[in-house]
$ cat my_file.pdb   # PDB, N, CA and C atoms
ATOM      1  N   MET A   1     -20.321 -50.738  97.319
ATOM      2  CA  MET A   1     -19.679 -50.624  98.606
ATOM      3  C   MET A   1     -19.221 -51.998  99.088
ATOM      4  N   TYR A   2     -20.091 -52.996  98.971
ATOM      5  CA  TYR A   2     -19.729 -54.344  99.413
ATOM      6  C   TYR A   2     -18.527 -54.856  98.621
ATOM      7  N   GLU A   3     -18.593 -54.710  97.314
ATOM      8  CA  GLU A   3     -17.499 -55.226  96.486
ATOM      9  C   GLU A   3     -16.171 -54.574  96.848
ATOM     10  N   PHE A   4     -16.175 -53.294  97.141
ATOM     11  CA  PHE A   4     -14.937 -52.587  97.449
ATOM     12  C   PHE A   4     -14.419 -52.922  98.842
ATOM     13  N   HIS A   5     -15.308 -52.973  99.834
ATOM     14  CA  HIS A   5     -14.884 -53.100 101.228
ATOM     15  C   HIS A   5     -14.935 -54.520 101.787
ATOM     16  N   CYS A   6     -15.703 -55.408 101.180
ATOM     17  CA  CYS A   6     -15.933 -56.725 101.789
ATOM     18  C   CYS A   6     -15.552 -57.909 100.911
ATOM     19  N   ALA A   7     -15.756 -57.769  99.606
ATOM     20  CA  ALA A   7     -15.595 -58.911  98.699
ATOM     21  C   ALA A   7     -14.167 -59.430  98.622
ATOM     22  N   GLY A   8     -13.188 -58.608  98.945
ATOM     23  CA  GLY A   8     -11.794 -59.076  98.902
ATOM     24  C   GLY A   8     -11.554 -60.265  99.809
ATOM     25  N   CYS A   9     -12.247 -60.343 100.920
ATOM     26  CA  CYS A   9     -12.095 -61.453 101.869
ATOM     27  C   CYS A   9     -13.285 -62.408 101.840
ATOM     28  N   HIS A  10     -14.483 -61.845 101.741
ATOM     29  CA  HIS A  10     -15.694 -62.675 101.822
ATOM     30  C   HIS A  10     -16.198 -63.086 100.442
ATOM     31  N   LEU A  11     -15.530 -62.631  99.399
ATOM     32  CA  LEU A  11     -15.830 -62.911  97.996
ATOM     33  C   LEU A  11     -17.134 -62.253  97.554
ATOM     34  N   GLU A  12     -17.240 -62.051  96.249
ATOM     35  CA  GLU A  12     -18.405 -61.359  95.696
ATOM     36  C   GLU A  12     -19.697 -62.090  95.996
ATOM     37  N   ASP A  13     -19.632 -63.426  96.004
ATOM     38  CA  ASP A  13     -20.844 -64.195  96.268
ATOM     39  C   ASP A  13     -21.052 -64.469  97.757
ATOM     40  N   GLY A  14     -20.161 -63.933  98.616
ATOM     41  CA  GLY A  14     -20.316 -64.046 100.056
ATOM     42  C   GLY A  14     -19.968 -65.402 100.639
ATOM     43  N   THR A  15     -19.342 -66.270  99.871
ATOM     44  CA  THR A  15     -19.062 -67.626 100.352
ATOM     45  C   THR A  15     -17.829 -67.713 101.237
ATOM     46  N   GLY A  16     -17.087 -66.621 101.374
ATOM     47  CA  GLY A  16     -15.914 -66.623 102.238
ATOM     48  C   GLY A  16     -14.721 -67.287 101.587
ATOM     49  N   LEU A  17     -13.647 -67.364 102.330
ATOM     50  CA  LEU A  17     -12.401 -67.910 101.791
ATOM     51  C   LEU A  17     -11.953 -69.074 102.668
ATOM     52  N   GLY A  18     -12.547 -70.225 102.400
ATOM     53  CA  GLY A  18     -12.181 -71.441 103.111
ATOM     54  C   GLY A  18     -12.302 -71.302 104.609
ATOM     55  N   GLU A  19     -11.261 -71.720 105.312
ATOM     56  CA  GLU A  19     -11.249 -71.658 106.769
ATOM     57  C   GLU A  19     -10.624 -70.357 107.283
ATOM     58  N   ILE A  20     -10.328 -69.437 106.365
ATOM     59  CA  ILE A  20      -9.696 -68.177 106.758
ATOM     60  C   ILE A  20     -10.743 -67.102 107.034
ATOM     61  N   TYR A  21     -11.616 -66.844 106.059
ATOM     62  CA  TYR A  21     -12.634 -65.804 106.198
ATOM     63  C   TYR A  21     -14.015 -66.443 106.075
ATOM     64  N   PRO A  22     -14.902 -66.170 107.027
ATOM     65  CA  PRO A  22     -16.201 -66.858 107.056
ATOM     66  C   PRO A  22     -17.143 -66.422 105.947
ATOM     67  N   PRO A  23     -18.084 -67.300 105.634
ATOM     68  CA  PRO A  23     -19.100 -66.946 104.643
ATOM     69  C   PRO A  23     -20.103 -65.956 105.229
ATOM     70  N   LEU A  24     -20.694 -65.185 104.350
ATOM     71  CA  LEU A  24     -21.766 -64.269 104.729
ATOM     72  C   LEU A  24     -23.105 -64.731 104.154
ATOM     73  N   THR A  25     -23.068 -65.655 103.207
ATOM     74  CA  THR A  25     -24.293 -66.151 102.580
ATOM     75  C   THR A  25     -25.034 -67.063 103.537
ATOM     76  N   LYS A  26     -26.275 -66.725 103.804
ATOM     77  CA  LYS A  26     -27.138 -67.513 104.680
ATOM     78  C   LYS A  26     -26.412 -67.942 105.953
ATOM     79  N   SER A  27     -25.566 -67.089 106.442
ATOM     80  CA  SER A  27     -24.747 -67.354 107.616
ATOM     81  C   SER A  27     -25.562 -67.235 108.892
ATOM     82  N   ASP A  28     -25.525 -68.265 109.717
ATOM     83  CA  ASP A  28     -26.232 -68.193 110.993
ATOM     84  C   ASP A  28     -25.679 -67.060 111.862
ATOM     85  N   TYR A  29     -24.383 -66.836 111.786
ATOM     86  CA  TYR A  29     -23.758 -65.782 112.595
ATOM     87  C   TYR A  29     -24.289 -64.403 112.222
ATOM     88  N   VAL A  30     -24.377 -64.133 110.930
ATOM     89  CA  VAL A  30     -24.870 -62.820 110.485
ATOM     90  C   VAL A  30     -26.311 -62.623 110.930
ATOM     91  N   ILE A  31     -27.151 -63.603 110.678
ATOM     92  CA  ILE A  31     -28.567 -63.472 110.997
ATOM     93  C   ILE A  31     -28.770 -63.289 112.508
ATOM     94  N   GLU A  32     -28.044 -64.058 113.316
ATOM     95  CA  GLU A  32     -28.198 -63.977 114.769
ATOM     96  C   GLU A  32     -27.578 -62.708 115.361
ATOM     97  N   ASN A  33     -26.631 -62.102 114.644
ATOM     98  CA  ASN A  33     -25.909 -60.935 115.170
ATOM     99  C   ASN A  33     -26.060 -59.703 114.297
ATOM    100  N   ILE A  34     -27.144 -59.609 113.531
ATOM    101  CA  ILE A  34     -27.293 -58.515 112.575
ATOM    102  C   ILE A  34     -27.223 -57.151 113.251
ATOM    103  N   LYS A  35     -27.649 -57.041 114.504
ATOM    104  CA  LYS A  35     -27.596 -55.753 115.201
ATOM    105  C   LYS A  35     -26.169 -55.349 115.540
ATOM    106  N   ASP A  36     -25.233 -56.287 115.465
ATOM    107  CA  ASP A  36     -23.829 -55.994 115.731
ATOM    108  C   ASP A  36     -23.054 -55.649 114.454
ATOM    109  N   PHE A  37     -23.677 -55.847 113.298
ATOM    110  CA  PHE A  37     -22.916 -55.712 112.067
ATOM    111  C   PHE A  37     -22.488 -54.294 111.731
ATOM    112  N   ALA A  38     -23.221 -53.299 112.169
ATOM    113  CA  ALA A  38     -22.761 -51.921 111.960
ATOM    114  C   ALA A  38     -21.426 -51.733 112.668
ATOM    115  N   CYS A  39     -21.322 -52.222 113.898
ATOM    116  CA  CYS A  39     -20.067 -52.115 114.654
ATOM    117  C   CYS A  39     -18.975 -52.987 114.053
ATOM    118  N   ILE A  40     -19.336 -54.189 113.628
ATOM    119  CA  ILE A  40     -18.337 -55.085 113.038
ATOM    120  C   ILE A  40     -17.763 -54.465 111.772
ATOM    121  N   ILE A  41     -18.620 -53.907 110.932
ATOM    122  CA  ILE A  41     -18.144 -53.270 109.702
ATOM    123  C   ILE A  41     -17.279 -52.058 110.029
ATOM    124  N   SER A  42     -17.709 -51.255 110.976
ATOM    125  CA  SER A  42     -16.998 -50.030 111.316
ATOM    126  C   SER A  42     -15.719 -50.274 112.121
ATOM    127  N   LYS A  43     -15.806 -51.095 113.152
ATOM    128  CA  LYS A  43     -14.684 -51.269 114.095
ATOM    129  C   LYS A  43     -13.881 -52.538 113.879
ATOM    130  N   GLY A  44     -14.439 -53.486 113.123
ATOM    131  CA  GLY A  44     -13.773 -54.763 112.941
ATOM    132  C   GLY A  44     -14.133 -55.721 114.057
ATOM    133  N   ILE A  45     -13.494 -56.872 114.036
ATOM    134  CA  ILE A  45     -13.747 -57.889 115.057
ATOM    135  C   ILE A  45     -12.508 -58.753 115.185
ATOM    136  N   ARG A  46     -12.235 -59.161 116.416
ATOM    137  CA  ARG A  46     -11.113 -60.085 116.624
ATOM    138  C   ARG A  46     -11.534 -61.114 117.651
ATOM    139  N   GLY A  47     -10.854 -62.214 117.638
ATOM    140  CA  GLY A  47     -11.195 -63.312 118.529
ATOM    141  C   GLY A  47     -12.015 -64.343 117.786
ATOM    142  N   PRO A  48     -12.108 -65.516 118.348
ATOM    143  CA  PRO A  48     -12.813 -66.588 117.650
ATOM    144  C   PRO A  48     -14.319 -66.334 117.558
ATOM    145  N   ILE A  49     -14.875 -66.678 116.405
ATOM    146  CA  ILE A  49     -16.321 -66.692 116.205
ATOM    147  C   ILE A  49     -16.660 -68.008 115.513
ATOM    148  N   THR A  50     -17.866 -68.474 115.717
ATOM    149  CA  THR A  50     -18.318 -69.698 115.061
ATOM    150  C   THR A  50     -19.391 -69.336 114.052
ATOM    151  N   VAL A  51     -19.148 -69.731 112.812
ATOM    152  CA  VAL A  51     -20.075 -69.440 111.719
ATOM    153  C   VAL A  51     -20.441 -70.762 111.066
ATOM    154  N   ASP A  52     -21.714 -71.073 111.090
ATOM    155  CA  ASP A  52     -22.211 -72.314 110.494
ATOM    156  C   ASP A  52     -21.427 -73.533 110.988
ATOM    157  N   GLY A  53     -21.105 -73.536 112.296
ATOM    158  CA  GLY A  53     -20.441 -74.672 112.916
ATOM    159  C   GLY A  53     -18.930 -74.713 112.759
ATOM    160  N   ILE A  54     -18.343 -73.717 112.107
ATOM    161  CA  ILE A  54     -16.891 -73.676 111.898
ATOM    162  C   ILE A  54     -16.328 -72.482 112.643
ATOM    163  N   GLU A  55     -15.219 -72.705 113.381
ATOM    164  CA  GLU A  55     -14.603 -71.611 114.128
ATOM    165  C   GLU A  55     -13.613 -70.859 113.239
ATOM    166  N   TYR A  56     -13.702 -69.537 113.293
ATOM    167  CA  TYR A  56     -12.789 -68.640 112.581
ATOM    168  C   TYR A  56     -12.102 -67.762 113.607
ATOM    169  N   ASN A  57     -10.825 -67.468 113.363
ATOM    170  CA  ASN A  57     -10.101 -66.657 114.342
ATOM    171  C   ASN A  57      -9.170 -65.655 113.664
ATOM    172  N   GLU A  58      -9.510 -65.213 112.482
ATOM    173  CA  GLU A  58      -8.738 -64.171 111.802
ATOM    174  C   GLU A  58      -9.329 -62.819 112.169
ATOM    175  N   GLU A  59      -8.469 -61.858 112.447
ATOM    176  CA  GLU A  59      -8.957 -60.519 112.760
ATOM    177  C   GLU A  59      -9.507 -59.861 111.507
ATOM    178  N   MET A  60     -10.653 -59.215 111.655
ATOM    179  CA  MET A  60     -11.216 -58.423 110.564
ATOM    180  C   MET A  60     -10.991 -56.963 110.910
ATOM    181  N   PRO A  61     -10.248 -56.239 110.076
ATOM    182  CA  PRO A  61     -10.049 -54.821 110.354
ATOM    183  C   PRO A  61     -11.337 -54.037 110.122
ATOM    184  N   GLY A  62     -11.491 -52.949 110.846
ATOM    185  CA  GLY A  62     -12.655 -52.102 110.670
ATOM    186  C   GLY A  62     -12.514 -51.193 109.465
ATOM    187  N   ASN A  63     -13.619 -50.698 109.020
ATOM    188  CA  ASN A  63     -13.676 -49.719 107.930
ATOM    189  C   ASN A  63     -14.091 -48.393 108.536
ATOM    190  N   LYS A  64     -13.175 -47.791 109.271
ATOM    191  CA  LYS A  64     -13.466 -46.610 110.075
ATOM    192  C   LYS A  64     -13.938 -45.408 109.263
ATOM    193  N   GLY A  65     -13.624 -45.342 107.990
ATOM    194  CA  GLY A  65     -13.993 -44.197 107.176
ATOM    195  C   GLY A  65     -15.403 -44.245 106.608
ATOM    196  N   LEU A  66     -16.108 -45.347 106.826
ATOM    197  CA  LEU A  66     -17.455 -45.457 106.274
ATOM    198  C   LEU A  66     -18.459 -44.652 107.085
ATOM    199  N   THR A  67     -19.375 -44.029 106.394
ATOM    200  CA  THR A  67     -20.441 -43.272 107.053
ATOM    201  C   THR A  67     -21.572 -44.224 107.456
ATOM    202  N   PRO A  68     -22.448 -43.795 108.353
ATOM    203  CA  PRO A  68     -23.606 -44.633 108.682
ATOM    204  C   PRO A  68     -24.456 -45.001 107.459
ATOM    205  N   VAL A  69     -24.575 -44.098 106.504
ATOM    206  CA  VAL A  69     -25.332 -44.387 105.280
ATOM    207  C   VAL A  69     -24.655 -45.517 104.512
ATOM    208  N   GLU A  70     -23.342 -45.451 104.373
ATOM    209  CA  GLU A  70     -22.613 -46.492 103.643
ATOM    210  C   GLU A  70     -22.711 -47.839 104.362
ATOM    211  N   ILE A  71     -22.624 -47.815 105.682
ATOM    212  CA  ILE A  71     -22.745 -49.052 106.456
ATOM    213  C   ILE A  71     -24.143 -49.641 106.290
ATOM    214  N   SER A  72     -25.171 -48.806 106.357
ATOM    215  CA  SER A  72     -26.545 -49.280 106.123
ATOM    216  C   SER A  72     -26.673 -49.896 104.738
ATOM    217  N   ASN A  73     -26.083 -49.253 103.755
ATOM    218  CA  ASN A  73     -26.147 -49.773 102.384
ATOM    219  C   ASN A  73     -25.490 -51.143 102.275
ATOM    220  N   ILE A  74     -24.352 -51.333 102.925
ATOM    221  CA  ILE A  74     -23.666 -52.629 102.886
ATOM    222  C   ILE A  74     -24.525 -53.699 103.559
ATOM    223  N   ILE A  75     -25.056 -53.397 104.730
ATOM    224  CA  ILE A  75     -25.891 -54.366 105.444
ATOM    225  C   ILE A  75     -27.130 -54.719 104.627
ATOM    226  N   ASN A  76     -27.771 -53.729 104.037
ATOM    227  CA  ASN A  76     -28.961 -53.993 103.237
ATOM    228  C   ASN A  76     -28.629 -54.726 101.943
ATOM    229  N   TYR A  77     -27.477 -54.447 101.370
ATOM    230  CA  TYR A  77     -27.024 -55.199 100.200
ATOM    231  C   TYR A  77     -26.852 -56.671 100.567
ATOM    232  N   MET A  78     -26.166 -56.922 101.696
ATOM    233  CA  MET A  78     -25.958 -58.299 102.144
ATOM    234  C   MET A  78     -27.303 -58.987 102.389
ATOM    235  N   ASN A  79     -28.206 -58.298 103.080
ATOM    236  CA  ASN A  79     -29.512 -58.862 103.393
ATOM    237  C   ASN A  79     -30.252 -59.247 102.116
ATOM    238  N   HIS A  80     -30.244 -58.373 101.152
ATOM    239  CA  HIS A  80     -30.952 -58.627  99.892
ATOM    240  C   HIS A  80     -30.237 -59.688  99.048
ATOM    241  N   THR A  81     -28.938 -59.519  98.854
ATOM    242  CA  THR A  81     -28.187 -60.397  97.956
ATOM    243  C   THR A  81     -28.046 -61.808  98.507
ATOM    244  N   PHE A  82     -27.809 -61.908  99.816
ATOM    245  CA  PHE A  82     -27.585 -63.213 100.422
ATOM    246  C   PHE A  82     -28.850 -63.789 101.050
ATOM    247  N   ASP A  83     -29.985 -63.133 100.802
ATOM    248  CA  ASP A  83     -31.307 -63.639 101.126
ATOM    249  C   ASP A  83     -31.476 -64.020 102.597
ATOM    250  N   TYR A  84     -31.176 -63.064 103.496
ATOM    251  CA  TYR A  84     -31.357 -63.308 104.924
ATOM    252  C   TYR A  84     -32.822 -63.289 105.330
ATOM    253  N   GLY A  85     -33.649 -62.648 104.530
ATOM    254  CA  GLY A  85     -35.060 -62.572 104.862
ATOM    255  C   GLY A  85     -35.371 -61.603 106.000
ATOM    256  N   LEU A  86     -34.467 -60.682 106.254
ATOM    257  CA  LEU A  86     -34.659 -59.704 107.327
ATOM    258  C   LEU A  86     -35.221 -58.409 106.755
ATOM    259  N   ALA A  87     -35.865 -57.640 107.612
ATOM    260  CA  ALA A  87     -36.349 -56.325 107.192
ATOM    261  C   ALA A  87     -35.145 -55.429 106.908
ATOM    262  N   PRO A  88     -35.259 -54.528 105.953
ATOM    263  CA  PRO A  88     -34.148 -53.609 105.689
ATOM    264  C   PRO A  88     -33.780 -52.835 106.952
ATOM    265  N   GLN A  89     -32.493 -52.617 107.138
ATOM    266  CA  GLN A  89     -32.034 -51.840 108.285
ATOM    267  C   GLN A  89     -32.147 -50.357 107.941
ATOM    268  N   GLN A  90     -32.857 -49.630 108.770
ATOM    269  CA  GLN A  90     -33.056 -48.206 108.559
ATOM    270  C   GLN A  90     -31.836 -47.435 109.057
ATOM    271  N   LEU A  91     -31.622 -46.267 108.494
ATOM    272  CA  LEU A  91     -30.470 -45.455 108.866
ATOM    273  C   LEU A  91     -30.474 -45.130 110.359
ATOM    274  N   HIS A  92     -31.622 -44.806 110.927
ATOM    275  CA  HIS A  92     -31.665 -44.479 112.354
ATOM    276  C   HIS A  92     -31.256 -45.688 113.204
ATOM    277  N   GLU A  93     -31.557 -46.901 112.735
ATOM    278  CA  GLU A  93     -31.132 -48.103 113.452
ATOM    279  C   GLU A  93     -29.620 -48.257 113.396
ATOM    280  N   THR A  94     -29.054 -48.057 112.227
ATOM    281  CA  THR A  94     -27.601 -48.159 112.074
ATOM    282  C   THR A  94     -26.906 -47.164 112.982
ATOM    283  N   LYS A  95     -27.399 -45.937 113.026
ATOM    284  CA  LYS A  95     -26.794 -44.917 113.887
ATOM    285  C   LYS A  95     -26.873 -45.336 115.359
ATOM    286  N   GLU A  96     -27.993 -45.894 115.760
ATOM    287  CA  GLU A  96     -28.157 -46.347 117.154
ATOM    288  C   GLU A  96     -27.175 -47.489 117.454
ATOM    289  N   TYR A  97     -27.056 -48.442 116.540
ATOM    290  CA  TYR A  97     -26.129 -49.557 116.747
ATOM    291  C   TYR A  97     -24.693 -49.066 116.819
ATOM    292  N   LEU A  98     -24.359 -48.066 116.015
ATOM    293  CA  LEU A  98     -22.990 -47.524 116.034
ATOM    294  C   LEU A  98     -22.701 -46.808 117.358
ATOM    295  N   LYS A  99     -23.699 -46.161 117.936
ATOM    296  CA  LYS A  99     -23.497 -45.497 119.231
ATOM    297  C   LYS A  99     -23.133 -46.518 120.307
ATOM    298  N   ARG A 100     -23.675 -47.704 120.220
ATOM    299  CA  ARG A 100     -23.423 -48.737 121.220
ATOM    300  C   ARG A 100     -21.987 -49.239 121.202
ATOM    301  N   CYS A 101     -21.301 -49.077 120.100
ATOM    302  CA  CYS A 101     -19.940 -49.629 120.018
ATOM    303  C   CYS A 101     -18.868 -48.560 120.145
ATOM    304  N   GLU A 102     -19.229 -47.347 120.461
ATOM    305  CA  GLU A 102     -18.232 -46.279 120.590
ATOM    306  C   GLU A 102     -17.430 -46.410 121.856
TER     307      GLU A 102
END

$ encode --input "my_file.pdb" --output "structure tokens"
Amino acid sequence: MYEFHCAGCHLEDGTGLGEIYPPLTKSDYVIENIKDFACIISKGIRGPITVDGIEYNEEMPGNKGLTPVEISNIINYMNHTFDYGLAPQQLHETKEYLKRCE
């Protein structure tokens, strides 16, 4: 799921694409905003964000067709692969976070 929906911009290793697309590996932004990531993946994000001290301002389109299960899988893949050290996100948590962004 990550490779299909995310790696095109954030790369397979999560390092991002220079100053265009932010890194996801050990990213302070991801760790500090993990509860927002279900919404970010689903709805996208626009406007400036600061990731590891660098400002990014490219719009990220949402992946509106993803199910809560798929979104949970992507978040847990990122957590495991990029070693955030966070507890796995449970499906009920993802559903709750998605309700907040409707």

$ residues_around --input "my_file.pdb" --residues "A:Asn73" --least-positions-apart "6" --cutoff "10 Å" --atoms "only C-alpha atoms" --output "MDAnalysis selection string"
chainID A and resid 1:2 67 79 88:91 94

$ closest_residue --input "my_file.pdb" --among "A:Asn57, A:Asn63, A:Ile40, A:Asp83" --to "A:Leu24" --atoms "only N, CA and C atoms"
A:Asp83

$ atom_distance --input "my_file.pdb" --atom1 "atom CA of A:Lys64" --atom2 "atom N of A:Tyr97"
15.2 Å

$ atom_distance --input "my_file.pdb" --atom1 "atom C of A:Lys35" --atom2 "atom C of A:Thr81"
18.3 Å

$ atom_distance --input "my_file.pdb" --atom1 "atom CA of A:Gly47" --atom2 "atom CA of A:Glu59"
6.8 Å

$ residues_around --input "my_file.pdb" --residues "A:Gly62" --least-positions-apart "2" --cutoff "7 Å" --atoms "only N, CA and C atoms" --output "count of residues only"
9

$ resolve_selection --input "my_file.pdb" --expression "the PyMOL selection byres (((chain A and resi 84 and name CA) around 10) and name CA)" --output "mmCIF file with N, CA and C atoms, in the coordinates of the input"
data_model
loop_
_atom_site.group_PDB
_atom_site.id
_atom_site.type_symbol
_atom_site.label_atom_id
_atom_site.label_comp_id
_atom_site.auth_asym_id
_atom_site.auth_seq_id
_atom_site.Cartn_x
_atom_site.Cartn_y
_atom_site.Cartn_z
ATOM 1 N N LEU A 24 -20.694 -65.185 104.350
ATOM 2 C CA LEU A 24 -21.766 -64.269 104.729
ATOM 3 C C LEU A 24 -23.105 -64.731 104.154
ATOM 4 N N THR A 25 -23.068 -65.655 103.207
ATOM 5 C CA THR A 25 -24.293 -66.151 102.580
ATOM 6 C C THR A 25 -25.034 -67.063 103.537
ATOM 7 N N LYS A 26 -26.275 -66.725 103.804
ATOM 8 C CA LYS A 26 -27.138 -67.513 104.680
ATOM 9 C C LYS A 26 -26.412 -67.942 105.953
ATOM 10 N N SER A 27 -25.566 -67.089 106.442
ATOM 11 C CA SER A 27 -24.747 -67.354 107.616
ATOM 12 C C SER A 27 -25.562 -67.235 108.892
ATOM 13 N N ASP A 28 -25.525 -68.265 109.717
ATOM 14 C CA ASP A 28 -26.232 -68.193 110.993
ATOM 15 C C ASP A 28 -25.679 -67.060 111.862
ATOM 16 N N VAL A 30 -24.377 -64.133 110.930
ATOM 17 C CA VAL A 30 -24.870 -62.820 110.485
ATOM 18 C C VAL A 30 -26.311 -62.623 110.930
ATOM 19 N N ILE A 31 -27.151 -63.603 110.678
ATOM 20 C CA ILE A 31 -28.567 -63.472 110.997
ATOM 21 C C ILE A 31 -28.770 -63.289 112.508
ATOM 22 N N ILE A 34 -27.144 -59.609 113.531
ATOM 23 C CA ILE A 34 -27.293 -58.515 112.575
ATOM 24 C C ILE A 34 -27.223 -57.151 113.251
ATOM 25 N N ASN A 76 -27.771 -53.729 104.037
ATOM 26 C CA ASN A 76 -28.961 -53.993 103.237
ATOM 27 C C ASN A 76 -28.629 -54.726 101.943
ATOM 28 N N MET A 78 -26.166 -56.922 101.696
ATOM 29 C CA MET A 78 -25.958 -58.299 102.144
ATOM 30 C C MET A 78 -27.303 -58.987 102.389
ATOM 31 N N ASN A 79 -28.206 -58.298 103.080
ATOM 32 C CA ASN A 79 -29.512 -58.862 103.393
ATOM 33 C C ASN A 79 -30.252 -59.247 102.116
ATOM 34 N N HIS A 80 -30.244 -58.373 101.152
ATOM 35 C CA HIS A 80 -30.952 -58.627 99.892
ATOM 36 C C HIS A 80 -30.237 -59.688 99.048
ATOM 37 N N THR A 81 -28.938 -59.519 98.854
ATOM 38 C CA THR A 81 -28.187 -60.397 97.956
ATOM 39 C C THR A 81 -28.046 -61.808 98.507
ATOM 40 N N PHE A 82 -27.809 -61.908 99.816
ATOM 41 C CA PHE A 82 -27.585 -63.213 100.422
ATOM 42 C C PHE A 82 -28.850 -63.789 101.050
ATOM 43 N N ASP A 83 -29.985 -63.133 100.802
ATOM 44 C CA ASP A 83 -31.307 -63.639 101.126
ATOM 45 C C ASP A 83 -31.476 -64.020 102.597
ATOM 46 N N GLY A 85 -33.649 -62.648 104.530
ATOM 47 C CA GLY A 85 -35.060 -62.572 104.862
ATOM 48 C C GLY A 85 -35.371 -61.603 106.000
ATOM 49 N N LEU A 86 -34.467 -60.682 106.254
ATOM 50 C CA LEU A 86 -34.659 -59.704 107.327
ATOM 51 C C LEU A 86 -35.221 -58.409 106.755
ATOM 52 N N ALA A 87 -35.865 -57.640 107.612
ATOM 53 C CA ALA A 87 -36.349 -56.325 107.192
ATOM 54 C C ALA A 87 -35.145 -55.429 106.908
#

$ closest_residue --input "my_file.pdb" --among "A:Ile71, A:Tyr29, A:Cys39, A:Glu19" --to "A:Glu58" --atoms "all atoms listed in the file"
A:Glu19

$ select_by_dssp --input "my_file.pdb" --residues "chain A" --states "alpha helix (DSSP H)" --output "number ranges by chain"
A: 2-5, 7-10, 28-32, 37-43, 68-81, 91-100

$ axis_aligned_box --input "my_file.pdb" --around "stretch 80-85 of chain A" --padding-each-side "3 Å" --output "AutoDock Vina command-line options"
--center_x -31.5 --center_y -61.2 --center_z 102.0 --size_x 13.8 --size_y 11.6 --size_z 14.0

$ select_by_dssp --input "my_file.pdb" --residues "chain A" --states "strand (DSSP E)" --output "list in words"
Gly44, Ile45, Ile49, Thr50, Val51, Ile54, Glu55, Tyr56, Met60 and Pro61 of chain A

$ residues_around --input "my_file.pdb" --residues "A:His92" --least-positions-apart "4" --cutoff "10 Å" --atoms "only C-alpha atoms" --output "PyMOL selection string"
chain A and resi 68-69+72+96-98

$ write_last_selection --input "my_file.pdb" --atoms "N, CA and C atoms" --output "PDB file, in the frame of the given file"
ATOM      1  N   PRO A  68     -22.448 -43.795 108.353  1.00  0.00           N
ATOM      2  CA  PRO A  68     -23.606 -44.633 108.682  1.00  0.00           C
ATOM      3  C   PRO A  68     -24.456 -45.001 107.459  1.00  0.00           C
ATOM      4  N   VAL A  69     -24.575 -44.098 106.504  1.00  0.00           N
ATOM      5  CA  VAL A  69     -25.332 -44.387 105.280  1.00  0.00           C
ATOM      6  C   VAL A  69     -24.655 -45.517 104.512  1.00  0.00           C
ATOM      7  N   SER A  72     -25.171 -48.806 106.357  1.00  0.00           N
ATOM      8  CA  SER A  72     -26.545 -49.280 106.123  1.00  0.00           C
ATOM      9  C   SER A  72     -26.673 -49.896 104.738  1.00  0.00           C
ATOM     10  N   GLU A  96     -27.993 -45.894 115.760  1.00  0.00           N
ATOM     11  CA  GLU A  96     -28.157 -46.347 117.154  1.00  0.00           C
ATOM     12  C   GLU A  96     -27.175 -47.489 117.454  1.00  0.00           C
ATOM     13  N   TYR A  97     -27.056 -48.442 116.540  1.00  0.00           N
ATOM     14  CA  TYR A  97     -26.129 -49.557 116.747  1.00  0.00           C
ATOM     15  C   TYR A  97     -24.693 -49.066 116.819  1.00  0.00           C
ATOM     16  N   LEU A  98     -24.359 -48.066 116.015  1.00  0.00           N
ATOM     17  CA  LEU A  98     -22.990 -47.524 116.034  1.00  0.00           C
ATOM     18  C   LEU A  98     -22.701 -46.808 117.358  1.00  0.00           C
TER      19      LEU A  98
END
